[in-house]
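Participant: So here's target-v9.pdb, just PDB, C-alpha atoms and all ligand atoms:
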```
ATOM      1  CA  MET A   1       4.254   3.338  22.629
ATOM      2  CA  GLY A   2       0.999   5.131  23.181
ATOM      3  CA  SER A   3      -0.326   5.266  19.680
ATOM      4  CA  GLY A   4      -3.940   5.508  20.767
ATOM      5  CA  GLU A   5      -5.101   6.435  17.310
ATOM      6  CA  GLU A   6      -4.567   3.080  15.744
ATOM      7  CA  ASN A   7      -7.672   1.889  13.995
ATOM      8  CA  PRO A   8      -8.455  -1.641  15.178
ATOM      9  CA  VAL A   9      -9.796  -2.608  11.807
ATOM     10  CA  ARG A  10      -6.595  -1.422  10.212
ATOM     11  CA  ALA A  11      -4.663  -3.450  12.754
ATOM     12  CA  LEU A  12      -6.562  -6.592  11.938
ATOM     13  CA  VAL A  13      -6.320  -5.879   8.257
ATOM     14  CA  ALA A  14      -2.588  -5.563   8.667
ATOM     15  CA  ALA A  15      -2.466  -8.954  10.326
ATOM     16  CA  TRP A  16      -4.445 -10.489   7.523
ATOM     17  CA  GLU A  17      -2.586  -8.591   4.900
ATOM     18  CA  ALA A  18       0.551 -10.376   5.890
ATOM     19  CA  ALA A  19      -1.163 -13.614   4.974
ATOM     20  CA  THR A  20      -3.318 -12.604   2.056
ATOM     21  CA  GLY A  21      -2.240  -9.249   0.717
ATOM     22  CA  VAL A  22      -5.711  -8.410  -0.486
ATOM     23  CA  VAL A  23      -7.751  -7.782   2.611
ATOM     24  CA  ALA A  24      -7.389  -4.025   2.738
ATOM     25  CA  GLU A  25      -9.267  -3.631  -0.494
ATOM     26  CA  TRP A  26     -12.501  -4.996   0.793
ATOM     27  CA  ALA A  27     -12.354  -4.110   4.456
ATOM     28  CA  GLU A  28     -14.081  -0.821   3.766
ATOM     29  CA  GLN A  29     -16.852  -2.500   1.825
ATOM     30  CA  THR A  30     -17.936  -4.930   4.473
ATOM     31  CA  ALA A  31     -21.442  -4.665   5.817
ATOM     32  CA  ALA A  32     -21.720  -2.155   8.618
ATOM     33  CA  VAL A  33     -22.955  -4.629  11.202
ATOM     34  CA  THR A  34     -20.092  -6.942  10.480
ATOM     35  CA  ARG A  35     -17.605  -4.123  10.499
ATOM     36  CA  GLU A  36     -18.775  -3.187  13.948
ATOM     37  CA  ALA A  37     -18.282  -6.705  15.242
ATOM     38  CA  PHE A  38     -14.976  -6.727  13.447
ATOM     39  CA  HIS A  39     -13.941  -3.696  15.476
ATOM     40  CA  LYS A  40     -14.611  -5.523  18.710
ATOM     41  CA  LEU A  41     -12.871  -8.666  17.601
ATOM     42  CA  ALA A  42      -9.870  -6.786  16.378
ATOM     43  CA  ASN A  43      -9.144  -5.720  19.932
ATOM     44  CA  ASP A  44      -8.750  -9.319  21.031
ATOM     45  CA  PRO A  45      -5.251 -10.689  20.443
ATOM     46  CA  ALA A  46      -6.551 -14.246  20.707
ATOM     47  CA  VAL A  47      -8.864 -13.582  17.790
ATOM     48  CA  ARG A  48      -6.105 -12.116  15.718
ATOM     49  CA  ALA A  49      -3.950 -15.122  16.407
ATOM     50  CA  ALA A  50      -6.814 -17.397  15.460
ATOM     51  CA  LEU A  51      -7.392 -15.567  12.199
ATOM     52  CA  GLU A  52      -3.760 -15.902  11.373
ATOM     53  CA  SER A  53      -4.084 -19.614  11.989
ATOM     54  CA  TRP A  54      -6.714 -19.934   9.279
ATOM     55  CA  ARG A  55      -5.076 -21.663   6.417
ATOM     56  CA  ILE A  56      -5.914 -19.143   3.771
ATOM     57  CA  THR A  57      -5.122 -19.239   0.119
ATOM     58  CA  LEU A  58      -5.978 -16.582  -2.403
ATOM     59  CA  VAL A  59      -8.524 -16.973  -5.141
ATOM     60  CA  TRP A  60      -7.287 -15.377  -8.332
ATOM     61  CA  THR A  61      -9.889 -16.666 -10.718
ATOM     62  CA  ARG A  62     -13.538 -15.837 -10.608
ATOM     63  CA  GLN A  63     -15.345 -18.163  -8.238
ATOM     64  CA  ASP A  64     -18.590 -18.190  -6.384
ATOM     65  CA  CYS A  65     -18.641 -18.069  -2.627
ATOM     66  CA  ASP A  66     -19.121 -21.488  -1.048
ATOM     67  CA  CYS A  67     -20.204 -20.152   2.298
ATOM     68  CA  VAL A  68     -23.306 -21.639   3.869
ATOM     69  CA  CYS A  69     -24.331 -18.317   5.320
ATOM     70  CA  ALA A  70     -27.337 -19.520   7.295
ATOM     71  CA  ARG A  71     -25.164 -21.972   9.162
ATOM     72  CA  SER A  72     -21.788 -20.259   9.272
ATOM     73  CA  HIS A  73     -22.865 -16.781  10.319
ATOM     74  CA  PRO A  74     -26.615 -16.705  10.941
ATOM     75  CA  ASP A  75     -26.438 -13.169  12.324
ATOM     76  CA  ASP A  76     -25.160 -11.751   9.066
ATOM     77  CA  ILE A  77     -27.167 -13.403   6.331
ATOM     78  CA  GLY A  78     -27.373 -11.278   3.245
ATOM     79  CA  ILE A  79     -23.902  -9.778   3.325
ATOM     80  CA  CYS A  80     -22.537 -12.277   0.824
ATOM     81  CA  ASP A  81     -21.337 -10.644  -2.376
ATOM     82  CA  ASN A  82     -20.669 -14.057  -3.936
ATOM     83  CA  ARG A  83     -17.232 -13.132  -5.272
ATOM     84  CA  ALA A  84     -14.770 -15.415  -3.579
ATOM     85  CA  VAL A  85     -11.451 -13.812  -2.658
ATOM     86  CA  ILE A  86      -9.940 -16.444  -0.392
ATOM     87  CA  LYS A  87     -10.177 -20.124   0.304
ATOM     88  CA  ARG A  88     -10.224 -21.314   3.832
ATOM     89  CA  ARG A  89      -9.009 -24.854   4.420
ATOM     90  CA  LEU A  90     -11.273 -26.817   6.691
ATOM     91  CA  ALA A  91     -10.624 -30.232   8.129
ATOM     92  CA  VAL A  92     -13.895 -32.010   7.534
ATOM     93  CA  ARG A  93     -12.521 -35.313   8.712
ATOM     94  CA  PRO A  94      -9.093 -36.680   9.595
ATOM     95  CA  GLY A  95      -6.956 -36.472   6.482
ATOM     96  CA  GLY A  96      -9.826 -34.956   4.537
ATOM     97  CA  ASP A  97      -9.241 -31.238   4.230
ATOM     98  CA  VAL A  98     -11.420 -29.238   1.924
ATOM     99  CA  ASP A  99     -10.928 -25.722   0.588
ATOM    100  CA  VAL A 100     -13.973 -23.545   0.978
ATOM    101  CA  ALA A 101     -14.080 -20.462  -1.224
ATOM    102  CA  LEU A 102     -15.270 -17.400   0.655
ATOM    103  CA  CYS A 103     -16.113 -13.892  -0.355
ATOM    104  CA  ALA A 104     -14.692 -11.160   1.809
ATOM    105  CA  PRO A 105     -17.806 -10.331   3.835
ATOM    106  CA  CYS A 106     -18.405 -14.008   4.528
ATOM    107  CA  ALA A 107     -14.829 -14.546   5.640
ATOM    108  CA  VAL A 108     -15.141 -11.728   8.122
ATOM    109  CA  ALA A 109     -18.585 -12.843   9.238
ATOM    110  CA  GLN A 110     -17.369 -16.367   9.838
ATOM    111  CA  GLY A 111     -14.595 -15.015  11.994
ATOM    112  CA  VAL A 112     -17.065 -12.875  13.893
ATOM    113  CA  ALA A 113     -19.442 -15.775  14.365
ATOM    114  CA  GLU A 114     -16.786 -18.230  15.446
ATOM    115  CA  PHE A 115     -14.501 -16.110  17.531
ATOM    116  CA  GLY A 116     -17.116 -13.715  18.781
ATOM    117  CA  ASN A 117     -19.091 -16.505  20.358
ATOM    118  CA  SER A 118     -16.168 -18.388  21.809
ATOM    119  CA  ALA A 119     -14.093 -15.420  22.910
ATOM    120  CA  SER A 120     -16.594 -14.381  25.551
ATOM    121  CA  GLY A 121     -16.147 -17.545  27.596
TER     122      GLY A 121
HETATM  123 ZN    ZN B 201     -21.649 -16.416   4.049
HETATM  124 ZN    ZN B 202     -20.111 -15.122   0.622
END
```
For this file, write the structure as structure tokens.
Facilitator:
Amino acid sequence: MGSGEENPVRALVAAWEAATGVVAEWAEQTAAVTREAFHKLANDPAVRAALESWRITLVWTRQDCDCVCARSHPDDIGICDNRAVIKRRLAVRPGGDVDVALCAPCAVAQGVAEFGNSASG
């Protein structure tokens, strides 16, 4: 009770860490603008639940980021570091899931773009 010092980014990282185990490493390296949005999102339990619902798998080998930045997070173009760390499974059509490799900044930015826009409604 009453732990007002909890860092919201840390809290969200902890949620993700349970699923991925690697998030903490890059959370500090994310672009400042995204980190700020991340702070806001991390206070929203619905967002955290949604992030946990992402079907994430880890990328262990070197892969390029598949993110279409201009479409997926148009507010944060240029943050991509092109080193994929996770794959996010997307249902592109019924029965046709595809794994999209994402670098850490893009994964966060996609969450910000998706949940940030819809959470305000
Ligand atoms: Zn991107
Ligand atoms: Zn990227």
Participant: Leaving out A:Ile77 and any residue of its chain fewer than 2 positions from it, which residues lie within 12 Å of it when counting only C-alpha atoms, given as a list in words?
Facilitator: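 Selected residues are Ala31, Val33, Thr34, Cys67, Val68, Cys69, Ala70, Arg71, Ser72, His73, Pro74, Asp75, Ile79, Cys80, Asp81, Pro105, Cys106, Ala109, Gln110 and Ala113 of chain A.
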Participant: Take the point (-16.1, -18.2, -7.4) as written in the file and pick out every residue within 7 Å of it, counting all atoms listed in the file; give the list as a PyMOL selection string.
Facilitator: chain A and resi 62-65+83-84+101
Participant: Check which residues satisfy the PyMOL selection byres (((chain A and resi 58) around 7) and not hetatm) in the file shown, then give them as a list in words.
Facilitator: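 Evaluating the PyMOL selection byres (((chain A and resi 58) around 7) and not hetatm) on these coordinates yields Thr20, Ile56, Thr57, Val59, Trp60, Val85, Ile86 and Lys87 of chain A.
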Participant: Go through the shown structure with the PyMOL selection byres (((chain A and resi 90) around 12) and not hetatm) and write out the matching residues as a list of chain:residue names.
Facilitator: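 Taken over the shown coordinates, the PyMOL selection byres (((chain A and resi 90) around 12) and not hetatm) returns A:Ser53, A:Trp54, A:Arg55, A:Ile56, A:Thr57, A:Cys67, A:Lys87, A:Arg88, A:Arg89, A:Ala91, A:Val92, A:Arg93, A:Pro94, A:Gly95, A:Gly96, A:Asp97, A:Val98, A:Asp99, A:Val100, A:Ala101, A:Leu102.
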Participant: For each of A:Asp76, A:Glu114, A:Asp44, A:Asp66, take the minimum atom-to-atom distance to ligand ZN 202 (chain B), counting only C-alpha atoms and all ligand atoms, then give the residue where this is smallest.
Facilitator: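 Closest to ligand ZN 202 (chain B), using only C-alpha atoms and all ligand atoms: A:Asp66.
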Participant: Please write out, as lines of an AutoDock Vina configuration file, where the centre of an axis-aligned box around all listed atoms of stretch 68-80 of chain A lies and how long its edges are, in Å to one decimal, after adding 3 Å on each side.
Facilitator:
```
center_x = -24.6
center_y = -15.9
center_z = 6.6
size_x = 11.6
size_y = 18.2
size_z = 17.5
```
